[in-house]
Amino acid sequence: MQKTFDLKGFKAAMAFAGTVGELADRADSPSDILIQFHKVTLTLSSHDRGGITDRDLRLARQIEAAAKDQMA
């Protein structure tokens with residue numbers, strides 16, 4: 001599952017990526033994060049399970065909530 005977030009600027013993108021990293025670590029769901037100036041693209045997948053799991057879906061909801069304050 002992949003989504004690109006358009007944030008308020010580079011500083012917001014970096015802060016958001018840090019938040020995602022913390023959420024992913026707590027959820028034991030490593031995520032691929034690509035930062036392109038004010039855009040952050042996330043790819044969620046449980047590599048150890050061979051695809052998307054409930055754990056990834058829960059993480060996606062947490063990420064969506066965290067992104068609301070940082071969106072452009």
# chains A, B, ... in the order shown; residues from 1 in each chain; ligands from 1

$ select_by_dssp --residues "chain A" --states "helix (DSSP H, G or I)" --output "ChimeraX atom specification"
/A:10-26,54-67

$ residues_around --residues "Ile35 in chain A" --least-positions-apart "6" --cutoff "10 Å" --atoms "only C-alpha atoms" --output "ChimeraX atom specification"
/A:4-5,10,13-14,16-17,41-42

$ residues_around --residues "Met1 in chain A" --least-positions-apart "3" --cutoff "12 Å" --atoms "only C-alpha atoms" --output "list in words"
Thr4, Ser31, Asp32, Thr41, Leu42, Thr43, Leu44, Ser45, Ser46, His47, Gly51, Ile52, Thr53, Asp56, Leu57, Leu59 and Ala60 of chain A

$ atom_distance --atom1 "CA of Gln62 in chain A" --atom2 "CA of Val20 in chain A"
8.7 Å

$ select_by_dssp --residues "chain A" --states "strand (DSSP E or B)" --output "list in words"
Gln2, Lys3, Thr4, Phe5, Asp6, Leu7, Ser31, Asp32, Ile33, Leu34, Ile35, Gln36, Lys39, Val40, Thr41, Leu42, Thr43, Leu44, Ser46, Gly51 and Met71 of chain A

$ write_last_selection --atoms "C-alpha atoms" --output "PDB file, in the first residue's frame"
ATOM      1  CA  GLN A   2       1.488   3.354  -0.999  1.00  0.00           C
ATOM      2  CA  LYS A   3       0.505   6.981  -0.498  1.00  0.00           C
ATOM      3  CA  THR A   4       2.153  10.345  -1.100  1.00  0.00           C
ATOM      4  CA  PHE A   5       1.564  13.182   1.362  1.00  0.00           C
ATOM      5  CA  ASP A   6       1.969  16.804   0.187  1.00  0.00           C
ATOM      6  CA  LEU A   7       3.160  18.694   3.251  1.00  0.00           C
ATOM      7  CA  SER A  31       7.915   1.318   6.314  1.00  0.00           C
ATOM      8  CA  ASP A  32       9.669   2.576   3.215  1.00  0.00           C
ATOM      9  CA  ILE A  33       9.876   6.376   3.331  1.00  0.00           C
ATOM     10  CA  LEU A  34      10.812   8.575   0.350  1.00  0.00           C
ATOM     11  CA  ILE A  35      11.220  12.305   1.011  1.00  0.00           C
ATOM     12  CA  GLN A  36      11.103  14.678  -1.966  1.00  0.00           C
ATOM     13  CA  LYS A  39       6.333  15.364  -0.427  1.00  0.00           C
ATOM     14  CA  VAL A  40       6.670  12.141   1.543  1.00  0.00           C
ATOM     15  CA  THR A  41       5.797   8.838  -0.083  1.00  0.00           C
ATOM     16  CA  LEU A  42       5.178   5.905   2.233  1.00  0.00           C
ATOM     17  CA  THR A  43       4.995   2.255   1.307  1.00  0.00           C
ATOM     18  CA  LEU A  44       3.531  -0.033   3.959  1.00  0.00           C
ATOM     19  CA  SER A  46       4.723  -6.514   6.237  1.00  0.00           C
ATOM     20  CA  GLY A  51       2.048  -8.423   2.063  1.00  0.00           C
ATOM     21  CA  MET A  71      -0.674  18.827   5.171  1.00  0.00           C
TER      22      MET A  71
END

$ closest_residue --among "A:Arg58, A:Ala65, A:Pro30, A:His38" --to "Ala15 in chain A" --atoms "only C-alpha atoms"
A:His38

$ closest_residue --among "A:Gly21, A:Ala12, A:Phe37, A:Gly50" --to "Asp69 in chain A" --atoms "only C-alpha atoms"
A:Ala12

$ atom_distance --atom1 "CA of Ala66 in chain A" --atom2 "CA of Asp28 in chain A"
17.5 Å

$ atom_distance --atom1 "CA of Ser29 in chain A" --atom2 "CA of Glu64 in chain A"
15.4 Å
